[in-house]
file input.txt (compact mmCIF, C-alpha atoms and all ligand atoms)
# COMPACT_ATOMS: atom_id res chain seq x y z
CA MET M 890 0.00 0.00 0.00
CA LYS M 891 1.39 3.41 -0.95
CA ARG M 892 1.93 5.87 1.87
CA MET M 893 0.32 9.28 2.02
CA LEU M 894 1.11 12.05 4.48
CA SER M 895 -0.22 15.48 5.23
CA GLY M 896 -0.17 18.09 7.95
CA ILE M 897 -2.42 20.92 8.97
CA LYS M 898 -1.31 24.07 10.73
CA PRO M 899 -4.12 25.19 13.03
CA THR M 900 -3.13 28.77 13.73
CA GLY M 901 -6.83 29.51 13.94
CA GLN M 902 -10.10 27.69 13.71
CA LEU M 903 -10.30 25.25 10.79
CA THR M 904 -12.26 26.54 7.83
CA LEU M 905 -14.46 25.19 5.09
CA GLY M 906 -11.45 25.76 2.79
CA ASN M 907 -9.33 23.42 4.91
CA TYR M 908 -12.14 20.90 4.89
CA ILE M 909 -12.77 20.92 1.15
CA GLY M 910 -9.13 21.36 0.10
CA ALA M 911 -7.58 18.95 2.57
CA LEU M 912 -9.42 17.17 5.40
CA ARG M 913 -12.25 15.72 3.37
CA ASN M 914 -9.79 14.21 0.94
CA PHE M 915 -7.79 12.58 3.74
CA VAL M 916 -10.94 10.78 4.79
CA ASN M 917 -11.50 9.51 1.26
CA TYR M 918 -7.89 8.36 0.97
CA GLN M 919 -7.64 6.47 4.26
CA ASP M 920 -9.07 3.26 2.81
CA ASP M 921 -6.71 3.07 -0.15
CA TYR M 922 -3.48 4.40 1.30
CA GLU M 923 -1.47 4.10 4.45
CA MET M 924 -2.45 7.51 5.74
CA ILE M 925 -0.39 9.61 8.13
CA VAL M 926 -1.78 12.96 9.26
CA PHE M 927 -0.40 15.23 11.89
CA ILE M 928 -1.04 18.54 13.55
CA ALA M 929 1.88 20.75 12.58
CA ASN M 930 2.14 22.63 15.88
CA LEU M 931 5.79 23.59 15.34
CA HIS M 932 4.74 25.29 12.10
CA CYS M 933 2.11 27.26 14.03
CA ILE M 934 4.65 29.16 16.10
CA THR M 935 6.55 30.55 13.11
CA GLU M 936 4.27 33.51 13.88
CA TYR M 937 3.36 34.47 17.44
CA GLN M 938 0.32 32.68 18.84
CA ASP M 939 -1.38 33.41 22.09
CA PRO M 940 -0.54 30.22 24.06
CA GLU M 941 -4.09 29.68 25.34
CA ASP M 942 -5.59 30.19 21.88
CA LEU M 943 -3.01 27.87 20.35
CA LYS M 944 -3.84 25.08 22.83
CA LYS M 945 -7.53 25.42 22.06
CA ASN M 946 -6.94 25.44 18.30
CA LEU M 947 -4.73 22.34 18.46
CA THR M 948 -7.31 20.45 20.50
CA ASP M 949 -10.13 21.51 18.21
CA ALA M 950 -8.12 20.52 15.16
CA VAL M 951 -7.63 16.95 16.39
CA ALA M 952 -11.30 16.69 17.35
CA LEU M 953 -12.31 18.07 13.97
CA TYR M 954 -10.04 15.66 12.11
CA LEU M 955 -11.90 12.86 13.83
CA ALA M 956 -15.29 14.52 13.45
CA CYS M 957 -14.71 14.80 9.70
CA GLY M 958 -14.31 11.05 9.55
CA LEU M 959 -10.64 10.34 9.98
CA ASP M 960 -10.46 6.96 11.71
CA PRO M 961 -7.55 6.35 14.12
CA ASN M 962 -7.80 2.63 13.37
CA LYS M 963 -7.03 3.30 9.73
CA ALA M 964 -4.91 6.47 9.80
CA THR M 965 -2.03 7.48 12.05
CA ILE M 966 -2.91 10.78 13.73
CA PHE M 967 -0.44 12.63 15.96
CA LEU M 968 0.95 15.91 17.20
CA GLN M 969 4.22 16.95 15.52
CA THR M 970 6.06 17.76 18.78
CA ASP M 971 5.27 14.29 20.17
CA VAL M 972 7.70 12.88 17.59
CA HIS M 973 11.05 14.57 18.22
CA SER M 974 12.63 13.44 14.98
CA HIS M 975 10.73 16.17 13.07
CA ALA M 976 12.65 19.05 14.63
CA GLU M 977 15.97 17.24 14.38
CA LEU M 978 15.62 16.25 10.74
CA GLY M 979 14.26 19.75 10.08
CA TYR M 980 17.62 21.18 11.09
CA ILE M 981 19.52 18.70 8.91
CA MET M 982 17.22 19.58 5.99
CA ALA M 983 17.92 23.30 6.57
CA CYS M 984 21.59 22.46 6.13
CA ASN M 985 20.71 20.92 2.76
CA THR M 986 18.63 23.81 1.45
CA TYR M 987 20.00 26.90 -0.27
CA LEU M 988 19.02 30.46 0.58
CA GLY M 989 18.12 30.98 -3.08
CA GLU M 990 15.52 28.22 -2.82
CA LEU M 991 13.91 29.68 0.29
CA ASN M 992 13.93 33.15 -1.27
CA ARG M 993 11.79 31.81 -4.11
CA MET M 994 8.98 30.51 -1.90
CA THR M 995 5.93 32.58 -2.79
CA GLN M 996 4.28 32.28 0.61
CA PHE M 997 7.32 33.89 2.22
CA LYS M 998 7.80 36.37 -0.62
CA ASP M 999 4.16 37.52 -0.40
CA LYS M 1000 4.47 38.11 3.32
CA SER M 1001 7.68 40.12 2.98
CA ALA M 1002 6.24 42.06 0.02
CA LYS M 1003 3.30 43.08 2.22
CA GLY M 1004 5.90 44.64 4.49
CA GLU M 1005 4.97 42.43 7.43
CA LYS M 1006 7.05 43.30 10.45
CA ASN M 1007 8.76 40.89 12.83
CA MET M 1008 9.00 38.01 10.39
CA THR M 1009 10.86 35.20 12.11
CA ALA M 1010 13.75 33.01 10.99
CA GLY M 1011 11.43 30.05 11.69
CA LEU M 1012 8.99 31.31 9.08
CA TYR M 1013 11.80 31.57 6.56
CA THR M 1014 13.13 28.06 7.14
CA TYR M 1015 9.65 26.54 7.51
CA PRO M 1016 9.84 24.67 4.17
CA CYS M 1017 12.87 22.75 5.52
CA LEU M 1018 10.83 21.52 8.48
CA MET M 1019 8.01 20.65 6.12
CA ALA M 1020 10.47 18.64 4.01
CA ALA M 1021 11.52 16.77 7.14
CA ASP M 1022 7.87 16.10 8.05
CA ILE M 1023 7.39 14.39 4.72
CA LEU M 1024 10.73 12.67 4.18
CA LEU M 1025 10.86 11.05 7.62
CA TYR M 1026 8.03 8.79 6.54
CA ASP M 1027 9.06 7.97 2.97
CA ALA M 1028 5.67 9.28 1.89
CA ASN M 1029 4.76 8.63 -1.76
CA TYR M 1030 2.01 11.24 -1.92
CA VAL M 1031 1.30 14.51 -0.15
CA PRO M 1032 -2.27 15.74 -0.58
CA VAL M 1033 -2.33 19.52 -0.18
CA GLY M 1034 -4.12 22.59 -1.43
CA GLU M 1035 -2.70 24.53 -4.36
CA ASP M 1036 -0.82 26.95 -2.08
CA GLN M 1037 1.39 24.20 -0.66
CA LYS M 1038 2.45 22.68 -3.97
CA GLN M 1039 5.62 24.74 -4.16
CA HIS M 1040 6.73 23.52 -0.74
CA VAL M 1041 6.26 19.90 -1.78
CA GLU M 1042 8.23 20.57 -4.94
CA LEU M 1043 11.05 22.00 -2.85
CA THR M 1044 10.86 18.85 -0.70
CA ARG M 1045 11.40 16.80 -3.85
CA ASP M 1046 14.48 18.86 -4.75
CA ILE M 1047 15.92 18.51 -1.26
CA ALA M 1048 15.29 14.74 -1.26
CA GLN M 1049 16.91 14.25 -4.65
CA ARG M 1050 19.92 16.33 -3.67
CA PHE M 1051 20.34 14.42 -0.42
CA ASN M 1052 20.04 11.08 -2.22
CA ASN M 1053 22.70 12.16 -4.72
CA LYS M 1054 25.07 13.40 -2.04
CA TYR M 1055 24.69 10.66 0.55
CA GLY M 1056 23.19 7.71 -1.30
CA GLU M 1057 19.57 6.57 -1.73
CA THR M 1058 17.80 7.55 1.51
CA PHE M 1059 14.49 9.23 0.86
CA VAL M 1060 11.45 8.45 -1.27
CA VAL M 1061 10.82 11.46 -3.53
CA PRO M 1062 7.21 12.47 -2.79
CA GLU M 1063 4.56 13.74 -5.18
CA PRO M 1064 2.06 16.48 -4.39
CA LEU M 1065 -1.55 15.49 -4.89
CA ILE M 1066 -3.91 18.34 -5.67
CA ALA M 1067 -7.62 17.59 -5.81
CA LYS M 1068 -9.36 18.68 -9.01
CA VAL M 1069 -12.34 20.28 -7.32
CA GLY M 1070 -11.88 22.54 -4.32
CA ALA M 1071 -8.10 22.96 -4.31
CA ARG M 1072 -8.58 26.67 -3.78
CA ILE M 1073 -11.82 27.79 -2.18
CA MET M 1074 -12.05 31.56 -2.31
CA SER M 1075 -13.22 34.08 0.27
CA LEU M 1076 -16.97 34.73 0.17
CA SER M 1077 -16.44 38.46 0.63
CA ASP M 1078 -13.55 38.80 -1.84
CA PRO M 1079 -13.38 36.01 -4.41
CA SER M 1080 -9.94 37.14 -5.55
CA LYS M 1081 -8.50 35.95 -2.23
CA LYS M 1082 -8.23 32.47 -0.75
CA MET M 1083 -10.71 31.62 2.01
CA SER M 1084 -8.41 31.92 4.98
CA LYS M 1085 -8.68 31.54 8.72
CA SER M 1086 -6.80 34.79 9.08
CA ASP M 1087 -9.61 36.64 7.29
CA GLU M 1088 -9.80 40.02 9.00
CA THR M 1089 -13.46 40.79 8.41
CA ASN M 1090 -14.63 37.25 9.22
CA LYS M 1091 -17.35 37.58 6.58
CA GLY M 1092 -15.58 35.73 3.82
CA CYS M 1093 -14.61 32.68 5.81
CA ILE M 1094 -16.80 29.87 7.09
CA TYR M 1095 -15.37 28.09 10.10
CA LEU M 1096 -16.22 24.46 10.72
CA LEU M 1097 -17.45 25.39 14.18
CA ASP M 1098 -19.47 28.41 13.00
CA ASP M 1099 -22.96 28.74 14.31
CA LEU M 1100 -25.23 27.47 11.50
CA LYS M 1101 -27.19 30.69 11.30
CA ALA M 1102 -23.99 32.71 10.93
CA ALA M 1103 -22.72 30.33 8.26
CA ARG M 1104 -25.98 30.64 6.30
CA LYS M 1105 -25.76 34.42 6.49
CA LYS M 1106 -22.20 34.40 5.15
CA VAL M 1107 -23.26 32.33 2.13
CA MET M 1108 -26.36 34.43 1.48
CA SER M 1109 -24.33 37.64 1.53
CA ALA M 1110 -21.45 36.25 -0.56
CA VAL M 1111 -20.12 38.71 -3.13
CA THR M 1112 -21.16 37.77 -6.68
CA ASP M 1113 -21.53 40.02 -9.77
CA SER M 1114 -24.05 42.04 -11.73
CA ILE M 1115 -24.09 39.78 -14.79
CA GLY M 1116 -27.04 37.85 -13.39
CA ILE M 1117 -26.61 34.65 -15.38
CA ILE M 1118 -25.92 31.31 -13.72
CA GLN M 1119 -23.06 29.77 -15.69
CA LEU M 1120 -19.44 28.69 -15.16
CA ASP M 1121 -17.25 31.69 -15.91
CA LYS M 1122 -14.44 31.71 -13.38
CA GLU M 1123 -12.80 34.81 -14.78
CA ASN M 1124 -15.80 37.14 -14.94
CA GLN M 1125 -17.95 35.57 -12.21
CA PRO M 1126 -15.43 34.32 -9.66
CA GLY M 1127 -17.79 34.64 -6.68
CA LEU M 1128 -20.53 32.63 -8.33
CA TYR M 1129 -18.03 30.04 -9.55
CA ASN M 1130 -16.70 29.67 -6.03
CA LEU M 1131 -20.18 29.07 -4.59
CA ILE M 1132 -20.92 26.43 -7.21
CA GLU M 1133 -17.55 24.81 -6.53
CA ILE M 1134 -18.28 24.66 -2.79
CA ALA M 1135 -21.69 23.07 -3.40
CA SER M 1136 -20.21 20.64 -5.92
CA ALA M 1137 -17.44 19.54 -3.55
CA LEU M 1138 -19.85 18.96 -0.68
CA SER M 1139 -22.64 17.29 -2.62
CA ASN M 1140 -20.50 15.16 -4.93
CA ARG M 1141 -22.44 16.60 -7.87
CA SER M 1142 -20.64 18.03 -10.85
CA MET M 1143 -20.56 21.82 -11.19
CA GLU M 1144 -22.31 21.49 -14.57
CA ASP M 1145 -25.13 19.54 -12.98
CA ILE M 1146 -25.70 22.28 -10.41
CA VAL M 1147 -25.65 24.97 -13.11
CA LYS M 1148 -28.23 23.01 -15.08
CA GLU M 1149 -30.57 22.88 -12.08
CA PHE M 1150 -30.37 26.64 -11.39
CA GLU M 1151 -29.99 27.96 -14.94
CA GLY M 1152 -32.27 30.92 -15.61
CA GLN M 1153 -33.01 31.48 -11.91
CA GLY M 1154 -31.78 34.23 -9.59
CA TYR M 1155 -28.59 34.09 -7.55
CA GLY M 1156 -30.66 34.03 -4.34
CA LYS M 1157 -32.07 30.59 -5.15
CA LEU M 1158 -28.64 29.18 -5.85
CA LYS M 1159 -27.20 30.75 -2.69
CA GLY M 1160 -30.03 29.17 -0.70
CA TYR M 1161 -29.05 25.76 -2.08
CA VAL M 1162 -25.35 26.32 -1.33
CA ALA M 1163 -26.26 27.41 2.22
CA ASP M 1164 -28.35 24.24 2.70
CA VAL M 1165 -25.52 22.01 1.55
CA VAL M 1166 -22.93 23.84 3.69
CA CYS M 1167 -25.12 23.86 6.82
CA ALA M 1168 -26.00 20.18 6.50
CA GLU M 1169 -22.30 19.31 6.33
CA LEU M 1170 -21.38 21.61 9.24
CA GLU M 1171 -24.16 20.18 11.38
CA LYS M 1172 -22.91 16.64 10.82
CA ILE M 1173 -19.34 17.62 11.68
CA GLN M 1174 -20.32 19.66 14.75
CA THR M 1175 -22.44 16.88 16.25
CA ARG M 1176 -19.52 14.45 15.99
CA TYR M 1177 -17.12 17.11 17.28
CA HIS M 1178 -19.11 17.56 20.51
CA GLU M 1179 -19.35 13.80 21.03
CA ILE M 1180 -15.59 13.45 20.61
CA ILE M 1181 -14.72 16.30 22.97
CA GLU M 1182 -17.04 14.84 25.61
CA SER M 1183 -15.71 11.30 25.24
CA ARG M 1184 -12.20 12.42 26.26
CA GLN M 1185 -10.48 10.00 23.88
CA LEU M 1186 -8.11 12.54 22.32
CA GLU M 1187 -5.17 11.88 24.64
CA THR M 1188 -5.14 8.14 23.98
CA ILE M 1189 -5.55 8.57 20.24
CA LEU M 1190 -2.63 11.02 20.06
CA LYS M 1191 -0.42 8.88 22.26
CA GLU M 1192 -0.99 5.81 20.15
CA GLY M 1193 -0.59 7.83 16.95
CA ALA M 1194 2.76 9.27 18.12
CA ALA M 1195 4.06 5.80 19.00
CA LYS M 1196 3.14 4.49 15.55
CA ALA M 1197 4.68 7.53 13.86
CA ALA M 1198 7.89 7.41 15.90
CA ALA M 1199 8.36 3.75 14.96
CA ILE M 1200 8.76 4.92 11.36
CA ALA M 1201 10.39 8.33 11.86
CA ASP M 1202 13.03 7.56 14.49
CA PRO M 1203 14.86 4.81 12.55
CA LYS M 1204 14.80 7.07 9.47
CA LEU M 1205 16.46 9.88 11.39
CA GLU M 1206 19.11 7.45 12.66
CA GLU M 1207 19.79 6.34 9.08
CA VAL M 1208 20.18 9.97 8.00
CA LYS M 1209 22.52 10.82 10.87
CA LYS M 1210 24.69 7.83 10.01
CA LYS M 1211 24.85 8.77 6.34
CA VAL M 1212 25.73 12.38 7.11
CA GLY M 1213 28.47 11.24 9.48
CA LEU M 1214 26.93 12.61 12.66
CA GLU M 1215 28.29 9.87 14.88
CA ILE M 1216 31.44 8.89 16.69
CA LYS M 1217 33.35 5.79 15.67
CA TYR M 1218 34.43 3.77 18.70
P1 LIG M 1301 -4.53 29.89 5.99
O1 LIG M 1301 -4.05 30.65 4.81
O2 LIG M 1301 -6.00 29.94 6.14
O3 LIG M 1301 -3.82 30.25 7.26
P2 LIG M 1301 -2.97 27.56 5.39
O4 LIG M 1301 -3.03 27.01 4.04
O5 LIG M 1301 -1.79 28.41 5.67
O6 LIG M 1301 -4.29 28.33 5.72
P3 LIG M 1301 -3.49 25.07 6.89
O7 LIG M 1301 -4.61 25.28 7.81
O8 LIG M 1301 -2.37 24.27 7.42
O9 LIG M 1301 -2.84 26.44 6.50
O10 LIG M 1301 -4.01 24.39 5.58
C1 LIG M 1301 -4.23 23.02 5.60
C2 LIG M 1301 -4.54 22.53 4.25
O11 LIG M 1301 -5.74 23.15 3.80
C3 LIG M 1301 -3.47 22.81 3.22
O12 LIG M 1301 -3.29 21.67 2.41
C4 LIG M 1301 -4.04 23.95 2.43
O13 LIG M 1301 -3.57 23.96 1.11
C5 LIG M 1301 -5.54 23.67 2.51
N1 LIG M 1301 -6.31 24.91 2.39
C6 LIG M 1301 -6.27 25.98 3.20
N2 LIG M 1301 -7.11 26.95 2.76
C7 LIG M 1301 -7.70 26.44 1.64
C8 LIG M 1301 -8.67 26.94 0.71
N3 LIG M 1301 -9.20 28.15 0.85
N4 LIG M 1301 -9.06 26.14 -0.30
C9 LIG M 1301 -8.56 24.90 -0.46
N5 LIG M 1301 -7.64 24.38 0.37
C10 LIG M 1301 -7.20 25.12 1.40
N1 LIG M 1302 2.78 23.88 5.45
C1 LIG M 1302 1.48 23.30 5.53
C2 LIG M 1302 1.28 22.42 6.73
C3 LIG M 1302 2.28 21.33 6.73
C4 LIG M 1302 2.30 20.20 5.86
C5 LIG M 1302 3.44 19.45 6.24
C6 LIG M 1302 1.47 19.77 4.83
C7 LIG M 1302 3.34 21.23 7.56
N2 LIG M 1302 4.05 20.10 7.27
C8 LIG M 1302 3.76 18.28 5.56
C9 LIG M 1302 1.82 18.59 4.16
C10 LIG M 1302 2.96 17.86 4.52
C11 LIG M 1302 0.47 24.45 5.57
O1 LIG M 1302 0.79 25.54 5.92
N3 LIG M 1302 -0.73 24.18 5.23
call {"tool": "encode", "arguments": {"input": "input.txt", "output": "structure tokens"}}
result
Amino acid sequence: MKRMLSGIKPTGQLTLGNYIGALRNFVNYQDDYEMIVFIANLHCITEYQDPEDLKKNLTDAVALYLACGLDPNKATIFLQTDVHSHAELGYIMACNTYLGELNRMTQFKDKSAKGEKNMTAGLYTYPCLMAADILLYDANYVPVGEDQKQHVELTRDIAQRFNNKYGETFVVPEPLIAKVGARIMSLSDPSKKMSKSDETNKGCIYLLDDLKAARKKVMSAVTDSIGIIQLDKENQPGLYNLIEIASALSNRSMEDIVKEFEGQGYGKLKGYVADVVCAELEKIQTRYHEIIESRQLETILKEGAAKAAAIADPKLEEVKKKVGLEIKY
């Protein structure tokens, strides 16, 4: 069975974008792949997080993973810091990455271009830690949203370089981008990605949003004045995004949805999208509350970390040996 690995960085509450672009796919993959998913808490602190908020977000993320259908009997689920090899291999990977490569990472470039202050060294070297996360497990596939593709490509370069320098060590992973829903856009500004760091809060649906609030966000989503229901991503990005959301959640094709609402007003279509979104959120939230109350998170994470470490720790030892980081007695 091929191995698949992905991580999520809960620096805020998980969003519908995370669900459609990532989580939901993990659930579909867990039957056909050996699935490893982890909460990338070390990645979270590349930017300051209030410690209490961070703790809550990490806990919610695990509970939401499970609520969305990830099954700890099928997939390995753990917290990054519970497996120490990540940080250690991350450093070794940083020593095998060139500044020029990190300078090309668009996520970092965008943040510096915006003139963000107090950017940390951790944020800059973050792709090296991400490479370690992936390479420790010899993952064949890495399912991510569009925005993370470049980081997986860098991981491939680092792996190939390491293999050439030190001998065959790592499996070179492939990014896996879902066809529908790889980039869900903000409901209030369809030129931007739906993001948990949305300042106005209007464009982003959180998985734990109150259903009424979620419905309101969909109903007031920004569309256009063209007034025709069709698939025109360029001129009607807001409408396209709504149809894409409904399609991803209902497993219907976007064309099929257009056919049903053709010739009708945007309000009707929005009502349908809101129904689909709220039904999905309700299902997830019910499970989420059951999981939080059942207090099983600690055991699941402990068992997940033990399973993960059994793969990661020997890999790190192999790397250290190859690099020459040991004393000969
Ligand atoms: P944000 O920009 O909201 O902080 P992120 O991409 O930096 O999000 P994560 O929460 O770690 O951080 O994202 C987890 C996964 O969800 C990644 O694979 C990412 O590509 C995917 N993802 C995040 N937002 C969206 C979106 N709007 N549409 C599709 N996929 C998304
Ligand atoms: N960088 C990713 C989260 C992440 C990840 C990973 C994803 C950290 N390590 C390894 C896939 C594989 C993000 O910001 N979404």
call {"tool": "axis_aligned_box", "arguments": {"input": "input.txt", "around": "ligand LIG 1301 (chain M)", "padding_each_side": "4 Å", "output": "AutoDock Vina command-line options"}}
result
--center_x -5.5 --center_y 26.2 --center_z 3.7 --size_x 15.4 --size_y 17.0 --size_z 16.3
call {"tool": "closest_atom_pairs", "arguments": {"input": "input.txt", "of": "chain M", "to": "ligand LIG 1301 (chain M)", "cutoff": "7 Å", "atoms": "only C-alpha atoms and all ligand atoms", "output": "CSV"}}
result
residue,atom,partner,partner_atom,distance
M:Gly896,CA,M:LIG1301,O8,6.6
M:Ile897,CA,M:LIG1301,O8,3.7
M:Lys898,CA,M:LIG1301,O8,3.5
M:Pro899,CA,M:LIG1301,O7,5.2
M:Thr900,CA,M:LIG1301,O3,6.7
M:Leu903,CA,M:LIG1301,O7,6.4
M:Gly906,CA,M:LIG1301,C8,3.7
M:Asn907,CA,M:LIG1301,O11,3.8
M:Tyr908,CA,M:LIG1301,O11,6.9
M:Ile909,CA,M:LIG1301,C9,6.0
M:Gly910,CA,M:LIG1301,N5,3.4
M:Ala911,CA,M:LIG1301,O11,4.7
M:Pro1032,CA,M:LIG1301,O12,6.7
M:Val1033,CA,M:LIG1301,O12,3.5
M:Gly1034,CA,M:LIG1301,O13,2.9
M:Glu1035,CA,M:LIG1301,O13,5.6
M:Asp1036,CA,M:LIG1301,O13,5.2
M:Gln1037,CA,M:LIG1301,O13,5.3
M:Gly1070,CA,M:LIG1301,C9,5.6
M:Ala1071,CA,M:LIG1301,C9,4.3
M:Arg1072,CA,M:LIG1301,N4,3.6
M:Ile1073,CA,M:LIG1301,N4,3.7
M:Met1074,CA,M:LIG1301,N3,5.5
M:Lys1082,CA,M:LIG1301,N3,4.7
M:Met1083,CA,M:LIG1301,N3,4.0
M:Ser1084,CA,M:LIG1301,O2,3.3
M:Lys1085,CA,M:LIG1301,O2,4.0
M:Ser1086,CA,M:LIG1301,O3,5.7
call {"tool": "residues_near_ligand", "arguments": {"input": "input.txt", "ligand": "ligand LIG 1302 (chain M)", "cutoff": "10 Å", "atoms": "all atoms listed in the file", "output": "number ranges by chain"}}
result
M: 893-900, 907, 911, 925-933, 969, 975, 996, 1015-1024, 1028, 1030-1038, 1040-1041, 1044, 1064
call {"tool": "closest_residue", "arguments": {"input": "input.txt", "among": "M:Met924, M:Ile1173, M:Ile966, M:Ile1200", "to": "M:Val951", "atoms": "all atoms listed in the file"}}
result
M:Ile966
call {"tool": "closest_residue", "arguments": {"input": "input.txt", "among": "M:Asn962, M:Gln1039, M:Asn1052, M:Thr970", "to": "M:Met994", "atoms": "only C-alpha atoms"}}
result
M:Gln1039
call {"tool": "atom_distance", "arguments": {"input": "input.txt", "atom1": "atom CA of M:Asn914", "atom2": "atom CA of M:Ser1142"}}
result
16.5 Å
call {"tool": "residues_around", "arguments": {"input": "input.txt", "residues": "M:Ile1134", "least_positions_apart": "3", "cutoff": "9 Å", "atoms": "all atoms listed in the file", "output": "list in words"}}
result
Leu905, Gly906, Ile909, Val1069, Gly1070, Ile1073, Tyr1129, Asn1130, Leu1131, Ala1137, Leu1138, Ser1139, Val1162, Val1165 and Val1166 of chain M
call {"tool": "closest_residue", "arguments": {"input": "input.txt", "among": "M:Asp949, M:Ala1163, M:Arg1176, M:Glu936", "to": "M:Lys1006", "atoms": "only C-alpha atoms"}}
result
M:Glu936
call {"tool": "residues_around", "arguments": {"input": "input.txt", "residues": "M:Phe967", "least_positions_apart": "6", "cutoff": "6 Å", "atoms": "all atoms listed in the file", "output": "PDB file with C-alpha atoms, in the frame of the given file"}}
result
ATOM      1  CA  PHE M 927      -0.400  15.230  11.890  1.00  0.00           C
ATOM      2  CA  LEU M1190      -2.630  11.020  20.060  1.00  0.00           C
ATOM      3  CA  GLY M1193      -0.590   7.830  16.950  1.00  0.00           C
ATOM      4  CA  ALA M1194       2.760   9.270  18.120  1.00  0.00           C
TER       5      ALA M1194
END
call {"tool": "closest_residue", "arguments": {"input": "input.txt", "among": "M:Leu978, M:Ile1189, M:Leu1076, M:Ile934", "to": "M:Ala1010", "atoms": "all atoms listed in the file"}}
result
M:Ile934
call {"tool": "residues_around", "arguments": {"input": "input.txt", "residues": "M:Ala1102", "least_positions_apart": "4", "cutoff": "12 Å", "atoms": "all atoms listed in the file", "output": "PDB file with C-alpha atoms, keeping the file's coordinate frame"}}
result
ATOM      1  CA  ASN M1090     -14.630  37.250   9.220  1.00  0.00           C
ATOM      2  CA  LYS M1091     -17.350  37.580   6.580  1.00  0.00           C
ATOM      3  CA  GLY M1092     -15.580  35.730   3.820  1.00  0.00           C
ATOM      4  CA  CYS M1093     -14.610  32.680   5.810  1.00  0.00           C
ATOM      5  CA  ILE M1094     -16.800  29.870   7.090  1.00  0.00           C
ATOM      6  CA  TYR M1095     -15.370  28.090  10.100  1.00  0.00           C
ATOM      7  CA  LEU M1096     -16.220  24.460  10.720  1.00  0.00           C
ATOM      8  CA  LEU M1097     -17.450  25.390  14.180  1.00  0.00           C
ATOM      9  CA  ASP M1098     -19.470  28.410  13.000  1.00  0.00           C
ATOM     10  CA  LYS M1106     -22.200  34.400   5.150  1.00  0.00           C
ATOM     11  CA  VAL M1107     -23.260  32.330   2.130  1.00  0.00           C
ATOM     12  CA  MET M1108     -26.360  34.430   1.480  1.00  0.00           C
ATOM     13  CA  SER M1109     -24.330  37.640   1.530  1.00  0.00           C
ATOM     14  CA  ALA M1163     -26.260  27.410   2.220  1.00  0.00           C
ATOM     15  CA  VAL M1166     -22.930  23.840   3.690  1.00  0.00           C
ATOM     16  CA  CYS M1167     -25.120  23.860   6.820  1.00  0.00           C
ATOM     17  CA  LEU M1170     -21.380  21.610   9.240  1.00  0.00           C
TER      18      LEU M1170
END
call {"tool": "closest_residue", "arguments": {"input": "input.txt", "among": "M:Arg892, M:Pro1126, M:Glu1215, M:Asn992", "to": "M:Glu1063", "atoms": "only C-alpha atoms"}}
result
M:Arg892
call {"tool": "decode", "arguments": {"input": "input.txt", "residues": "stretch 921-929 of chain M", "atoms": "N, CA, C and O atoms", "output": "compact mmCIF listing (two decimals), in the first residue's frame"}}
result
# COMPACT_ATOMS: atom_id res chain seq x y z
N ASP M 921 -7.55 3.57 0.95
CA ASP M 921 -6.71 3.07 -0.15
C ASP M 921 -5.22 3.30 0.05
O ASP M 921 -4.41 2.82 -0.72
N TYR M 922 -4.89 4.11 1.06
CA TYR M 922 -3.48 4.40 1.30
C TYR M 922 -3.17 4.21 2.77
O TYR M 922 -4.06 4.28 3.61
N GLU M 923 -1.88 4.05 3.06
CA GLU M 923 -1.47 4.10 4.45
C GLU M 923 -1.36 5.59 4.77
O GLU M 923 -0.49 6.28 4.28
N MET M 924 -2.29 6.07 5.57
CA MET M 924 -2.45 7.51 5.74
C MET M 924 -1.82 8.00 7.04
O MET M 924 -2.08 7.44 8.11
N ILE M 925 -0.99 9.02 6.93
CA ILE M 925 -0.39 9.61 8.13
C ILE M 925 -0.76 11.08 8.14
O ILE M 925 -0.46 11.81 7.18
N VAL M 926 -1.43 11.53 9.19
CA VAL M 926 -1.78 12.96 9.26
C VAL M 926 -1.37 13.50 10.63
O VAL M 926 -1.52 12.83 11.64
N PHE M 927 -0.84 14.70 10.60
CA PHE M 927 -0.40 15.23 11.89
C PHE M 927 -0.76 16.71 12.01
O PHE M 927 -1.02 17.39 11.03
N ILE M 928 -0.75 17.14 13.26
CA ILE M 928 -1.04 18.54 13.55
C ILE M 928 0.32 19.23 13.64
O ILE M 928 1.13 18.93 14.52
N ALA M 929 0.56 20.13 12.71
CA ALA M 929 1.88 20.75 12.58
C ALA M 929 2.03 21.90 13.58
O ALA M 929 2.11 23.07 13.21
